[in-house]
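Chemist: Take a look at work.cif, mmCIF, C-alpha atoms and all ligand atoms:
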```cif
data_target
loop_
_atom_site.group_PDB
_atom_site.id
_atom_site.type_symbol
_atom_site.label_atom_id
_atom_site.label_comp_id
_atom_site.auth_asym_id
_atom_site.auth_seq_id
_atom_site.Cartn_x
_atom_site.Cartn_y
_atom_site.Cartn_z
ATOM 1 C CA MET A 23 -22.401 16.294 2.426
ATOM 2 C CA LEU A 24 -19.027 17.803 3.155
ATOM 3 C CA PRO A 25 -17.536 20.279 0.693
ATOM 4 C CA ARG A 26 -14.837 18.655 -1.434
ATOM 5 C CA VAL A 27 -11.295 19.919 -1.942
ATOM 6 C CA ILE A 28 -8.283 18.426 -3.703
ATOM 7 C CA ALA A 29 -5.021 18.048 -1.773
ATOM 8 C CA THR A 30 -2.132 19.923 -3.394
ATOM 9 C CA ARG A 31 0.732 19.646 -0.855
ATOM 10 C CA TYR A 32 1.683 17.508 2.123
ATOM 11 C CA VAL A 33 3.245 19.996 4.549
ATOM 12 C CA THR A 34 4.142 18.058 7.688
ATOM 13 C CA PRO A 35 2.927 15.225 9.914
ATOM 14 C CA LEU A 36 1.253 16.091 13.233
ATOM 15 C CA ARG A 37 3.201 13.690 15.412
ATOM 16 C CA GLU A 38 0.940 14.116 18.444
ATOM 17 C CA GLY A 39 -1.996 12.471 16.710
ATOM 18 C CA GLY A 40 -2.664 8.781 17.249
ATOM 19 C CA SER A 41 -3.511 8.301 13.575
ATOM 20 C CA LEU A 42 -0.573 10.375 12.278
ATOM 21 C CA PRO A 43 -2.703 13.147 10.754
ATOM 22 C CA GLY A 44 -0.969 15.410 8.254
ATOM 23 C CA LEU A 45 -1.058 19.119 7.624
ATOM 24 C CA MET A 46 -2.047 19.571 3.988
ATOM 25 C CA GLU A 47 -2.723 22.393 1.581
ATOM 26 C CA ALA A 48 -5.678 22.121 -0.790
ATOM 27 C CA ASP A 49 -6.773 23.624 -4.101
ATOM 28 C CA ASP A 50 -9.017 26.147 -2.312
ATOM 29 C CA ASP A 51 -5.805 27.602 -0.736
ATOM 30 C CA GLY A 52 -6.978 26.269 2.625
ATOM 31 C CA MET A 53 -4.747 24.459 5.117
ATOM 32 C CA TYR A 54 -6.233 21.333 6.692
ATOM 33 C CA VAL A 55 -5.395 18.781 9.349
ATOM 34 C CA VAL A 56 -6.068 15.637 7.334
ATOM 35 C CA LYS A 57 -7.115 12.391 9.023
ATOM 36 C CA PHE A 58 -6.357 9.583 6.616
ATOM 37 C CA ARG A 59 -8.706 6.799 5.594
ATOM 38 C CA GLY A 60 -5.739 4.399 5.475
ATOM 39 C CA ALA A 61 -4.819 4.864 9.155
ATOM 40 C CA GLY A 62 -5.163 1.924 11.549
ATOM 41 C CA GLN A 63 -8.181 3.528 13.239
ATOM 42 C CA GLY A 64 -10.201 2.877 10.066
ATOM 43 C CA VAL A 65 -12.752 4.839 8.078
ATOM 44 C CA ARG A 66 -15.398 4.496 10.797
ATOM 45 C CA SER A 67 -13.392 6.721 13.141
ATOM 46 C CA LEU A 68 -13.559 9.430 10.463
ATOM 47 C CA VAL A 69 -17.333 8.989 10.263
ATOM 48 C CA ALA A 70 -17.490 9.265 14.074
ATOM 49 C CA GLU A 71 -15.509 12.500 13.904
ATOM 50 C CA VAL A 72 -17.964 13.972 11.360
ATOM 51 C CA ILE A 73 -20.958 12.939 13.513
ATOM 52 C CA ALA A 74 -19.383 14.262 16.734
ATOM 53 C CA GLY A 75 -18.539 17.529 14.972
ATOM 54 C CA GLY A 76 -22.145 17.838 13.784
ATOM 55 C CA ILE A 77 -23.503 17.224 17.290
ATOM 56 C CA ALA A 78 -21.069 19.751 18.785
ATOM 57 C CA ARG A 79 -22.036 22.336 16.169
ATOM 58 C CA GLY A 80 -25.715 21.627 16.845
ATOM 59 C CA LEU A 81 -25.072 22.391 20.521
ATOM 60 C CA GLY A 82 -23.626 25.744 19.536
ATOM 61 C CA LEU A 83 -19.967 24.890 20.121
ATOM 62 C CA PRO A 84 -17.397 26.356 17.746
ATOM 63 C CA VAL A 85 -16.169 23.556 15.479
ATOM 64 C CA PRO A 86 -13.628 24.040 12.681
ATOM 65 C CA ASP A 87 -15.012 23.506 9.177
ATOM 66 C CA LEU A 88 -14.823 19.929 7.939
ATOM 67 C CA VAL A 89 -14.153 19.019 4.303
ATOM 68 C CA ALA A 90 -13.623 15.888 2.249
ATOM 69 C CA VAL A 91 -10.047 15.911 0.947
ATOM 70 C CA GLU A 92 -9.343 14.094 -2.311
ATOM 71 C CA LEU A 93 -5.886 12.527 -2.393
ATOM 72 C CA ASP A 94 -4.320 11.182 -5.585
ATOM 73 C CA ASP A 95 -1.524 8.625 -5.831
ATOM 74 C CA SER A 96 1.256 11.169 -6.436
ATOM 75 C CA PHE A 97 1.820 12.014 -2.743
ATOM 76 C CA ALA A 98 3.304 8.688 -1.617
ATOM 77 C CA ALA A 99 6.002 8.774 -4.289
ATOM 78 C CA GLY A 100 7.382 12.109 -3.091
ATOM 79 C CA GLU A 101 7.482 11.141 0.593
ATOM 80 C CA PRO A 102 10.813 9.954 2.048
ATOM 81 C CA ASP A 103 9.428 8.680 5.400
ATOM 82 C CA GLU A 104 8.353 5.068 4.883
ATOM 83 C CA GLU A 105 5.544 5.110 7.473
ATOM 84 C CA ILE A 106 4.010 8.241 5.942
ATOM 85 C CA GLN A 107 4.533 6.850 2.443
ATOM 86 C CA ASP A 108 2.525 3.723 3.364
ATOM 87 C CA LEU A 109 -0.201 5.841 4.958
ATOM 88 C CA LEU A 110 -0.533 8.102 1.898
ATOM 89 C CA ARG A 111 -0.561 5.117 -0.447
ATOM 90 C CA ALA A 112 -3.377 3.510 1.574
ATOM 91 C CA SER A 113 -5.345 6.772 1.602
ATOM 92 C CA VAL A 114 -5.851 7.527 -2.100
ATOM 93 C CA GLY A 115 -9.438 8.798 -2.413
ATOM 94 C CA LEU A 116 -11.494 10.781 0.082
ATOM 95 C CA ASN A 117 -10.134 11.692 3.515
ATOM 96 C CA LEU A 118 -11.318 13.963 6.320
ATOM 97 C CA GLY A 119 -9.969 17.517 6.467
ATOM 98 C CA ILE A 120 -10.373 19.788 9.483
ATOM 99 C CA ASP A 121 -9.728 23.475 8.987
ATOM 100 C CA TYR A 122 -6.280 24.109 10.502
ATOM 101 C CA LEU A 123 -6.279 26.381 13.553
ATOM 102 C CA PRO A 124 -2.695 27.697 13.803
ATOM 103 C CA ALA A 125 -3.168 28.943 17.384
ATOM 104 C CA ALA A 126 -4.534 25.620 18.669
ATOM 105 C CA SER A 127 -2.394 23.771 21.195
ATOM 106 C CA ASP A 128 -2.629 20.206 22.380
ATOM 107 C CA VAL A 129 -4.246 20.142 25.834
ATOM 108 C CA ALA A 130 -2.278 17.090 27.076
ATOM 109 C CA ALA A 131 1.068 18.501 25.866
ATOM 110 C CA GLU A 132 0.226 21.852 27.435
ATOM 111 C CA LEU A 133 -0.530 20.151 30.796
ATOM 112 C CA VAL A 134 2.871 18.416 30.707
ATOM 113 C CA ARG A 135 4.594 21.770 30.107
ATOM 114 C CA ILE A 136 2.691 23.459 32.956
ATOM 115 C CA THR A 137 3.451 20.565 35.345
ATOM 116 C CA GLN A 138 7.162 20.650 34.463
ATOM 117 C CA ARG A 139 7.252 24.390 35.107
ATOM 118 C CA LEU A 140 5.574 23.930 38.529
ATOM 119 C CA VAL A 141 7.988 21.122 39.516
ATOM 120 C CA ARG A 142 11.001 23.258 38.600
ATOM 121 C CA HIS A 143 9.927 26.198 40.803
HETATM 122 N N1 LIG B 1 -8.027 21.741 13.292
HETATM 123 C C1 LIG B 1 -6.863 21.665 13.950
HETATM 124 N N2 LIG B 1 -6.010 22.719 13.972
HETATM 125 C C2 LIG B 1 -4.824 22.621 14.615
HETATM 126 N N3 LIG B 1 -4.377 21.526 15.248
HETATM 127 C C3 LIG B 1 -5.180 20.449 15.258
HETATM 128 C C4 LIG B 1 -6.451 20.443 14.609
HETATM 129 N N4 LIG B 1 -7.024 19.221 14.775
HETATM 130 C C5 LIG B 1 -6.157 18.501 15.492
HETATM 131 N N5 LIG B 1 -5.047 19.226 15.776
HETATM 132 C C6 LIG B 1 -3.871 18.780 16.512
HETATM 133 O O1 LIG B 1 -3.322 17.682 15.817
HETATM 134 C C7 LIG B 1 -2.916 16.658 16.709
HETATM 135 C C8 LIG B 1 -3.605 15.361 16.401
HETATM 136 O O2 LIG B 1 -4.995 15.529 16.466
HETATM 137 P P1 LIG B 1 -5.940 14.382 16.988
HETATM 138 O O3 LIG B 1 -7.324 14.869 16.739
HETATM 139 O O4 LIG B 1 -5.602 13.977 18.389
HETATM 140 O O5 LIG B 1 -5.556 13.221 15.991
HETATM 141 P P2 LIG B 1 -5.926 11.667 16.085
HETATM 142 O O6 LIG B 1 -7.339 11.559 15.644
HETATM 143 O O7 LIG B 1 -4.967 11.028 15.124
HETATM 144 O O8 LIG B 1 -5.706 11.251 17.505
HETATM 145 C C9 LIG B 1 -3.225 17.179 18.107
HETATM 146 O O9 LIG B 1 -2.034 17.737 18.633
HETATM 147 C C10 LIG B 1 -4.258 18.260 17.878
HETATM 148 O O10 LIG B 1 -4.159 19.271 18.845
HETATM 149 MG MG MG B 2 -5.781 12.110 19.349
#
```
Have the structure of the file written as structure tokens, please.

Modeler:
Amino acid sequence: MLPRVIATRYVTPLREGGSLPGLMEADDDGMYVVKFRGAGQGVRSLVAEVIAGGIARGLGLPVPDLVAVELDDSFAAGEPDEEIQDLLRASVGLNLGIDYLPAASDVAAELVRITQRLVRH
């Protein structure tokens, strides 16, 4: 079982993610990358992420802590972006939270930056 936290603030969307994950604060004062149950990828992709994380941890790889994030219906109302509003409305209940690593960078985006730098010089 994953530890449970309650979402307290939607900070910002992570636009690089295919499922439009959001950065959220929770009642344990933690900051989490939240993958939403209402995203097009479906709940099974969240289950797959929990299983893959468990396998990786079992192999001794460092994996950020995973939590179940409880979302109530108040978040959609306060969200001006229609796409995010729909996603939050469809995700009331339990979602997957991954401990936010502020220093993490997206590997694909980083490769694009490196390639651009090489082309310029
Ligand atoms: N725990 C984390 N801490 C910081 N950034 C993260 C974390 N998990 C994912 N990200 C970043 O968020 C973005 C979307 O994550 P990703 O796992 O690709 O989402 P999706 O499952 O929607 O494709 C990526 O840029 C990734 O680097
Ligand atoms: Mg992705």

Chemist: Residues within 9 Å of ligand MG 2 (chain B), counting all atoms listed in the file: report them as a tab-separated table (two decimals) with C-alpha atoms, in the coordinates of the input.

Modeler:
```
chain	number	residue	atom	x	y	z
A	38	GLU	CA	0.94	14.12	18.44
A	39	GLY	CA	-2.00	12.47	16.71
A	40	GLY	CA	-2.66	8.78	17.25
A	41	SER	CA	-3.51	8.30	13.58
A	42	LEU	CA	-0.57	10.38	12.28
```

Chemist: So which residues touch range 114-129 of chain A within 9 Å, counting all atoms listed in the file, skipping near sequence neighbours fewer than 6 positions away, as a ChimeraX atom specification?

Modeler: /A:26-27,38,45-46,52-60,65,68-69,71-72,86-95,97

Chemist: Find, counting all atoms listed in the file, the residue in A:Val134, A:Leu109, A:Ala99, A:Leu36 that gets nearest to ligand LIG 1 (chain B).

Modeler: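 Distance minimum relative to ligand LIG 1 (chain B) lands on A:Leu36.
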
Chemist: Could you pull the residues within 7 Å of Asp49 in chain A, counting all atoms listed in the file, minus those fewer than 3 positions along the same chain, as a ChimeraX atom specification?

Modeler: /A:27-30

Chemist: Go ahead and compute the interatomic distance for atom O6 of ligand LIG 1 (chain B) and CA of Ser67 in chain A, in Å to one decimal.

Modeler: 8.1 Å

Chemist: Could you work out how far CA of Pro43 in chain A lies from atom P1 of ligand LIG 1 (chain B), giving the answer in Å with one decimal?

Modeler: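 Between atom P1 of ligand LIG 1 (chain B) and CA of Pro43 in chain A the gap is 7.1 Å.
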